[in-house]
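**Q** Take a look at this one; I'll ask things after.
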Amino acid sequence: MKAKSIRNWYLVHKWSSLICTAFMLLLCITGLPLIFHHEIEHLTGDHPEPVEVAEDAPRITLDGIMETAMKRVPGDVPIFMIFDDEEPIVYMRTAASPTEAEDIRSNAYDARTGDHLPAPPFDEGFMWVMFKLHVDLYAGLPGTLFLGIMGLLLVASIVSGVVVYAPFMRKLDFGTVRADRSARVKWLDLHNMVGIVTLAWLFVVGLTGVINTLATPIIKLWQFNEMSALIEPYKGAPPPENLTSIDDALRIAREAAPGTEPSFIAFPGTDFSSPFHYAFFMQGNTPLSSRLVEPILIDAGTGELTVKAELPWYVTTLLISQPLHFGDYGGLPLKIIWGILDIAGIVILGSGLYLWIGRRRSTLESRLRELEQGADAAVTA
């Protein structure tokens, strides 16, 4: 590669890194506790804890859970019924109306007994602050999309960093850290070594992070294209006044998708259903199929199956990206690996910031001349 090409790639790497580094550092720091949010919530007592129940004890129905839940929040309507993947817990999300996305209440119930499980509000506390900073910087959708742009810059920084790494490190063994040189050279070697070792992880996390920032537009696109077509026969019809049994509807959903269980149920009128349907999002029992859901629409007035829908590729991509971003596929061992790699990412970003600050007195032209000289030496070597 010619000196001019290396120079251009260097500028891409430098400026893409500088623009996104502060935000990526924030995302790595806030992402670390989010990787272990289940474990942290258990340790701090913020996670609902169901009690032991005898195997032959009578079980409550989903209709019974909803009846209990709605008595607890008079004036609300049901929005979602969410099922915990690991424990017998059902979360009821309610609001004053199906479209009140900013004022949702969440209560946890034992899926076996229907008992209310005390837990702090989900939108308060340390983990909520970490979540909001990581997802949207407390700025809603504009903040989320802004972080998506920063993620794209991170991907550009990774690609350009690999291109720049090769010619400048060709005279050194892979992973060399020149400990006998100045602090700046040692940090440069450490930055390069950790960056190239964690290359694949950084690229995957950065790319899945960008995809996750598009969740709202992706869901809106699915509603506009797919959901609107599915409910076309109901156009002009009034919403049902009385809802059919959730348990009967779940039985039909299980028959339509054998071997699956509900991940969550969206009630009529919400963004994930229609004014006329329960939307059952059914998941499998393998590490991959448990992250992919099959939407099944059940007529909330008659209890009859309307359609078993196929998710478009862009929604499937989003569903795969979300757990992959946090290493939530292989239990605690994979989370620990993700945590170690996250710390490595903090080292890369911090060392890159240190290297830039250390050169703040150099003029742009002198840095470019130095780069060209180094590039020429690399090309002739």
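Quick note on naming: the chains in the structure tokens go A, B, ... in the order shown, residues restart at 1 in each chain, and ligands are numbered from 1 in order of appearance.
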I'd like the contact shell of Val194 in chain A - 9 Å cut-off, only C-alpha atoms, skipping same-chain residues fewer than 4 positions apart - returned as a list in words.

**A**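 Counting only the stated atoms, we get Gly175, Asp189, Leu190, Thr198, Leu199, Ala344, Gly345, Val347 and Ile348 of chain A.
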
**Q** For the residues selected in the previous step, produce a file with C-alpha atoms as a short mmCIF file (atom, residue, chain, number, x, y, z; two decimals), in the first residue's frame.

**A**
data_model
loop_
_atom_site.label_atom_id
_atom_site.label_comp_id
_atom_site.auth_asym_id
_atom_site.auth_seq_id
_atom_site.Cartn_x
_atom_site.Cartn_y
_atom_site.Cartn_z
CA GLY A 175 1.44 -8.69 19.96
CA ASP A 189 1.80 -1.12 21.46
CA LEU A 190 -0.74 -2.07 24.15
CA THR A 198 -10.41 -8.19 20.43
CA LEU A 199 -11.08 -7.18 16.83
CA ALA A 344 -10.52 -4.78 27.16
CA GLY A 345 -12.63 -2.37 25.15
CA VAL A 347 -8.54 -0.25 27.79
CA ILE A 348 -8.52 0.29 24.02
#

**Q** Using only C-alpha atoms, determine which residues lie at most 12 Å from Ile19 in chain A, disregarding the query and same-chain residues fewer than 5 positions distant; provide the list as a ChimeraX atom specification.

**A** /A:12-14,24-25,146-147,149-154,156-157,349,352-353,356

**Q** Just the number, please: distance in Å from CA of Pro239 in chain A to CA of Pro268 in chain A, one decimal.

**A**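 These atoms are spaced 8.4 Å apart.
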
**Q** Neighbours of Leu292 in chain A within 10 Å (only C-alpha atoms; same-chain residues fewer than 2 positions away dropped), as an mmCIF file with N, CA, C and O atoms, in the first residue's frame?

**A**
data_model
loop_
_atom_site.group_PDB
_atom_site.id
_atom_site.type_symbol
_atom_site.label_atom_id
_atom_site.label_comp_id
_atom_site.auth_asym_id
_atom_site.auth_seq_id
_atom_site.Cartn_x
_atom_site.Cartn_y
_atom_site.Cartn_z
ATOM 1 N N SER A 263 -43.193 -15.876 24.965
ATOM 2 C CA SER A 263 -42.206 -14.946 25.493
ATOM 3 C C SER A 263 -42.919 -13.745 26.105
ATOM 4 O O SER A 263 -42.614 -13.321 27.207
ATOM 5 N N PHE A 281 -46.283 -13.903 21.186
ATOM 6 C CA PHE A 281 -44.944 -14.033 20.627
ATOM 7 C C PHE A 281 -44.315 -15.281 21.242
ATOM 8 O O PHE A 281 -43.864 -15.271 22.387
ATOM 9 N N MET A 282 -44.320 -16.356 20.452
ATOM 10 C CA MET A 282 -43.918 -17.670 20.940
ATOM 11 C C MET A 282 -42.439 -17.914 20.623
ATOM 12 O O MET A 282 -41.939 -17.531 19.560
ATOM 13 N N GLN A 283 -41.739 -18.576 21.575
ATOM 14 C CA GLN A 283 -40.315 -18.852 21.408
ATOM 15 C C GLN A 283 -40.027 -20.322 21.635
ATOM 16 O O GLN A 283 -40.775 -21.023 22.329
ATOM 17 N N GLY A 284 -38.916 -20.805 21.035
ATOM 18 C CA GLY A 284 -38.511 -22.193 21.199
ATOM 19 C C GLY A 284 -37.715 -22.405 22.470
ATOM 20 O O GLY A 284 -37.643 -21.533 23.340
ATOM 21 N N THR A 286 -34.334 -23.760 22.425
ATOM 22 C CA THR A 286 -32.896 -23.860 22.186
ATOM 23 C C THR A 286 -32.280 -22.467 22.333
ATOM 24 O O THR A 286 -32.999 -21.468 22.300
ATOM 25 N N PRO A 287 -30.943 -22.381 22.497
ATOM 26 C CA PRO A 287 -30.329 -21.048 22.653
ATOM 27 C C PRO A 287 -30.684 -20.079 21.543
ATOM 28 O O PRO A 287 -30.866 -18.885 21.796
ATOM 29 N N LEU A 288 -30.802 -20.567 20.288
ATOM 30 C CA LEU A 288 -31.148 -19.676 19.190
ATOM 31 C C LEU A 288 -32.650 -19.457 19.086
ATOM 32 O O LEU A 288 -33.119 -18.315 19.006
ATOM 33 N N SER A 289 -33.436 -20.554 19.094
ATOM 34 C CA SER A 289 -34.883 -20.404 18.911
ATOM 35 C C SER A 289 -35.540 -19.678 20.070
ATOM 36 O O SER A 289 -36.622 -19.111 19.918
ATOM 37 N N SER A 290 -34.885 -19.666 21.243
ATOM 38 C CA SER A 290 -35.445 -18.936 22.376
ATOM 39 C C SER A 290 -35.344 -17.427 22.171
ATOM 40 O O SER A 290 -35.986 -16.658 22.891
ATOM 41 N N GLU A 294 -42.214 -16.260 17.148
ATOM 42 C CA GLU A 294 -43.223 -16.400 16.113
ATOM 43 C C GLU A 294 -44.470 -15.656 16.558
ATOM 44 O O GLU A 294 -45.083 -16.018 17.561
ATOM 45 N N PRO A 295 -44.863 -14.592 15.868
ATOM 46 C CA PRO A 295 -46.072 -13.872 16.256
ATOM 47 C C PRO A 295 -47.322 -14.631 15.803
ATOM 48 O O PRO A 295 -47.423 -15.035 14.644
ATOM 49 N N LEU A 311 -41.925 -13.556 10.628
ATOM 50 C CA LEU A 311 -41.203 -12.309 10.818
ATOM 51 C C LEU A 311 -40.331 -12.019 9.605
ATOM 52 O O LEU A 311 -39.643 -12.913 9.096
ATOM 53 N N VAL A 315 -36.616 -7.904 11.112
ATOM 54 C CA VAL A 315 -37.000 -8.103 12.516
ATOM 55 C C VAL A 315 -36.212 -9.270 13.107
ATOM 56 O O VAL A 315 -35.770 -9.218 14.258
ATOM 57 N N THR A 316 -36.028 -10.339 12.327
ATOM 58 C CA THR A 316 -35.228 -11.472 12.788
ATOM 59 C C THR A 316 -33.807 -11.039 13.104
ATOM 60 O O THR A 316 -33.220 -11.447 14.116
ATOM 61 N N THR A 317 -33.228 -10.196 12.254
ATOM 62 C CA THR A 317 -31.881 -9.674 12.497
ATOM 63 C C THR A 317 -31.826 -8.909 13.808
ATOM 64 O O THR A 317 -30.877 -9.057 14.593
ATOM 65 N N LEU A 318 -32.838 -8.106 14.063
ATOM 66 C CA LEU A 318 -32.893 -7.353 15.315
ATOM 67 C C LEU A 318 -32.965 -8.287 16.518
ATOM 68 O O LEU A 318 -32.243 -8.101 17.511
ATOM 69 N N LEU A 319 -33.797 -9.324 16.449
ATOM 70 C CA LEU A 319 -33.973 -10.238 17.581
ATOM 71 C C LEU A 319 -32.695 -11.023 17.872
ATOM 72 O O LEU A 319 -32.407 -11.341 19.030
ATOM 73 N N ILE A 320 -31.938 -11.363 16.827
ATOM 74 C CA ILE A 320 -30.671 -12.065 17.031
ATOM 75 C C ILE A 320 -29.633 -11.111 17.610
ATOM 76 O O ILE A 320 -28.807 -11.487 18.443
#

**Q** Tell me which protein, DNA and RNA residues are within 8 Å of Leu324 in chain A, counting only C-alpha atoms, leaving out same-chain ones fewer than 4 positions away, and put them as a PyMOL selection string.

**A** chain A and resi 205+208+320+328-329

**Q** As an exercise, work out the distance from CA of Ser274 in chain A to CA of Ile219 in chain A in Å and give it to one decimal place.

**A**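 A separation of 13.4 Å between them.
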
**Q** Counting only C-alpha atoms, what is within 10 Å of Gly269 in chain A, bar same-chain residues fewer than 6 positions away, as a list in words?

**A** Pro78, Ile79, Ser97, Pro98, Thr99, Pro239, Pro275, Phe276, His277 and Tyr278 of chain A

**Q** Do you know which residues are at most 9 Å from Lys308 in chain A counting only C-alpha atoms, after dropping those on the same chain fewer than 6 positions away, and could you put them as a list in words?

**A**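 My list of contacting residues is Ala253, Ala256, Ala257, Glu294, Pro295, Ile296, Leu297 and Ile298 of chain A.
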
**Q** Determine which residues of range 45-104 of chain A receive a DSSP assignment of alpha helix (DSSP H), computed from the backbone, and state them as an NGL selection string.

**A** :A and (62-72)

**Q** Write a file of the just-selected residues containing all heavy atoms, as a PDB file, in the first residue's frame.

**A**
ATOM      1  N   LEU A  62     -53.598 -17.983  33.721  1.00  0.00           N
ATOM      2  CA  LEU A  62     -53.216 -16.647  33.283  1.00  0.00           C
ATOM      3  C   LEU A  62     -54.371 -15.667  33.444  1.00  0.00           C
ATOM      4  O   LEU A  62     -54.165 -14.488  33.766  1.00  0.00           O
ATOM      5  CB  LEU A  62     -52.763 -16.684  31.817  1.00  0.00           C
ATOM      6  CG  LEU A  62     -51.495 -17.473  31.515  1.00  0.00           C
ATOM      7  CD1 LEU A  62     -51.148 -17.365  30.027  1.00  0.00           C
ATOM      8  CD2 LEU A  62     -50.326 -16.985  32.358  1.00  0.00           C
ATOM      9  N   ASP A  63     -55.588 -16.158  33.236  1.00  0.00           N
ATOM     10  CA  ASP A  63     -56.749 -15.297  33.472  1.00  0.00           C
ATOM     11  C   ASP A  63     -56.810 -14.867  34.934  1.00  0.00           C
ATOM     12  O   ASP A  63     -57.153 -13.715  35.241  1.00  0.00           O
ATOM     13  CB  ASP A  63     -58.043 -16.034  33.096  1.00  0.00           C
ATOM     14  CG  ASP A  63     -58.169 -16.251  31.593  1.00  0.00           C
ATOM     15  OD1 ASP A  63     -57.847 -15.313  30.835  1.00  0.00           O
ATOM     16  OD2 ASP A  63     -58.577 -17.352  31.185  1.00  0.00           O
ATOM     17  N   GLY A  64     -56.455 -15.801  35.824  1.00  0.00           N
ATOM     18  CA  GLY A  64     -56.457 -15.469  37.250  1.00  0.00           C
ATOM     19  C   GLY A  64     -55.392 -14.441  37.586  1.00  0.00           C
ATOM     20  O   GLY A  64     -55.620 -13.528  38.397  1.00  0.00           O
ATOM     21  N   ILE A  65     -54.218 -14.578  36.970  1.00  0.00           N
ATOM     22  CA  ILE A  65     -53.141 -13.609  37.209  1.00  0.00           C
ATOM     23  C   ILE A  65     -53.568 -12.223  36.719  1.00  0.00           C
ATOM     24  O   ILE A  65     -53.360 -11.212  37.404  1.00  0.00           O
ATOM     25  CB  ILE A  65     -51.848 -14.055  36.511  1.00  0.00           C
ATOM     26  CG1 ILE A  65     -51.281 -15.298  37.198  1.00  0.00           C
ATOM     27  CG2 ILE A  65     -50.812 -12.923  36.514  1.00  0.00           C
ATOM     28  CD1 ILE A  65     -50.052 -15.869  36.524  1.00  0.00           C
ATOM     29  N   MET A  66     -54.199 -12.183  35.536  1.00  0.00           N
ATOM     30  CA  MET A  66     -54.601 -10.872  35.013  1.00  0.00           C
ATOM     31  C   MET A  66     -55.690 -10.257  35.887  1.00  0.00           C
ATOM     32  O   MET A  66     -55.680  -9.052  36.142  1.00  0.00           O
ATOM     33  CB  MET A  66     -55.086 -10.982  33.572  1.00  0.00           C
ATOM     34  CG  MET A  66     -55.256  -9.601  32.940  1.00  0.00           C
ATOM     35  SD  MET A  66     -55.690  -9.591  31.194  1.00  0.00           S
ATOM     36  CE  MET A  66     -57.457  -9.830  31.301  1.00  0.00           C
ATOM     37  N   GLU A  67     -56.600 -11.067  36.358  1.00  0.00           N
ATOM     38  CA  GLU A  67     -57.652 -10.534  37.236  1.00  0.00           C
ATOM     39  C   GLU A  67     -57.048  -9.944  38.503  1.00  0.00           C
ATOM     40  O   GLU A  67     -57.412  -8.844  38.931  1.00  0.00           O
ATOM     41  CB  GLU A  67     -58.648 -11.643  37.580  1.00  0.00           C
ATOM     42  CG  GLU A  67     -59.798 -11.179  38.459  1.00  0.00           C
ATOM     43  CD  GLU A  67     -60.753 -12.304  38.802  1.00  0.00           C
ATOM     44  OE1 GLU A  67     -60.559 -13.444  38.323  1.00  0.00           O
ATOM     45  OE2 GLU A  67     -61.705 -12.048  39.573  1.00  0.00           O
ATOM     46  N   THR A  68     -56.102 -10.669  39.099  1.00  0.00           N
ATOM     47  CA  THR A  68     -55.423 -10.161  40.298  1.00  0.00           C
ATOM     48  C   THR A  68     -54.660  -8.885  39.994  1.00  0.00           C
ATOM     49  O   THR A  68     -54.686  -7.925  40.770  1.00  0.00           O
ATOM     50  CB  THR A  68     -54.447 -11.231  40.831  1.00  0.00           C
ATOM     51  OG1 THR A  68     -55.169 -12.416  41.157  1.00  0.00           O
ATOM     52  CG2 THR A  68     -53.720 -10.734  42.074  1.00  0.00           C
ATOM     53  N   ALA A  69     -53.978  -8.872  38.852  1.00  0.00           N
ATOM     54  CA  ALA A  69     -53.155  -7.713  38.491  1.00  0.00           C
ATOM     55  C   ALA A  69     -54.006  -6.473  38.264  1.00  0.00           C
ATOM     56  O   ALA A  69     -53.644  -5.367  38.698  1.00  0.00           O
ATOM     57  CB  ALA A  69     -52.337  -8.034  37.237  1.00  0.00           C
ATOM     58  N   MET A  70     -55.149  -6.622  37.598  1.00  0.00           N
ATOM     59  CA  MET A  70     -55.968  -5.459  37.276  1.00  0.00           C
ATOM     60  C   MET A  70     -56.653  -4.895  38.517  1.00  0.00           C
ATOM     61  O   MET A  70     -56.935  -3.691  38.583  1.00  0.00           O
ATOM     62  CB  MET A  70     -56.998  -5.810  36.206  1.00  0.00           C
ATOM     63  CG  MET A  70     -56.390  -6.271  34.889  1.00  0.00           C
ATOM     64  SD  MET A  70     -54.951  -5.302  34.324  1.00  0.00           S
ATOM     65  CE  MET A  70     -55.690  -3.705  34.081  1.00  0.00           C
ATOM     66  N   LYS A  71     -56.891  -5.722  39.505  1.00  0.00           N
ATOM     67  CA  LYS A  71     -57.442  -5.212  40.761  1.00  0.00           C
ATOM     68  C   LYS A  71     -56.423  -4.329  41.487  1.00  0.00           C
ATOM     69  O   LYS A  71     -56.789  -3.442  42.245  1.00  0.00           O
ATOM     70  CB  LYS A  71     -57.840  -6.375  41.666  1.00  0.00           C
ATOM     71  CG  LYS A  71     -59.097  -7.113  41.216  1.00  0.00           C
ATOM     72  CD  LYS A  71     -59.426  -8.257  42.157  1.00  0.00           C
ATOM     73  CE  LYS A  71     -60.683  -8.991  41.708  1.00  0.00           C
ATOM     74  NZ  LYS A  71     -60.986 -10.155  42.596  1.00  0.00           N
ATOM     75  N   ARG A  72     -55.156  -4.594  41.230  1.00  0.00           N
ATOM     76  CA  ARG A  72     -54.093  -3.835  41.896  1.00  0.00           C
ATOM     77  C   ARG A  72     -53.918  -2.446  41.270  1.00  0.00           C
ATOM     78  O   ARG A  72     -53.396  -1.535  41.918  1.00  0.00           O
ATOM     79  CB  ARG A  72     -52.782  -4.620  41.801  1.00  0.00           C
ATOM     80  CG  ARG A  72     -51.675  -4.073  42.690  1.00  0.00           C
ATOM     81  CD  ARG A  72     -50.449  -4.967  42.676  1.00  0.00           C
ATOM     82  NE  ARG A  72     -49.494  -4.513  43.668  1.00  0.00           N
ATOM     83  CZ  ARG A  72     -49.506  -4.882  44.949  1.00  0.00           C
ATOM     84  NH1 ARG A  72     -50.436  -5.731  45.391  1.00  0.00           N
ATOM     85  NH2 ARG A  72     -48.621  -4.396  45.788  1.00  0.00           N
TER      86      ARG A  72
END

**Q** Could you pull the residues within 10 Å of range 160-163 of chain A, counting only C-alpha atoms, minus those fewer than 4 positions along the same chain, as a list in words?

**A**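 Within the cut-off, the hits are Met1, Ser5, Ile6, Asn8, Trp9, Tyr10, Leu11, Val12, His13, Lys14, Ser16, Ser17, Leu154, Val155, Ala156, Pro167, Phe168, Asn192, Gly195, Ile196 and Leu199 of chain A.
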
**Q** Between A:Leu145, A:Arg59, A:Ala95, A:Pro240, which is the closest to Val73 in chain A once you count only C-alpha atoms?

**A** A:Ala95

**Q** Suppose you want the space between CA of Leu341 in chain A and CA of Ile211 in chain A; what is it in Å?

**A**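 A separation of 19.9 Å between them.
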
**Q** Hey, which of A:Thr21, A:Thr144, A:Ser228, A:Asn242 ends up closest to Phe131 in chain A? Count only C-alpha atoms.

**A**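 Of A:Thr21, A:Thr144, A:Ser228, A:Asn242, the one nearest Phe131 in chain A, counting only C-alpha atoms, is A:Thr144.
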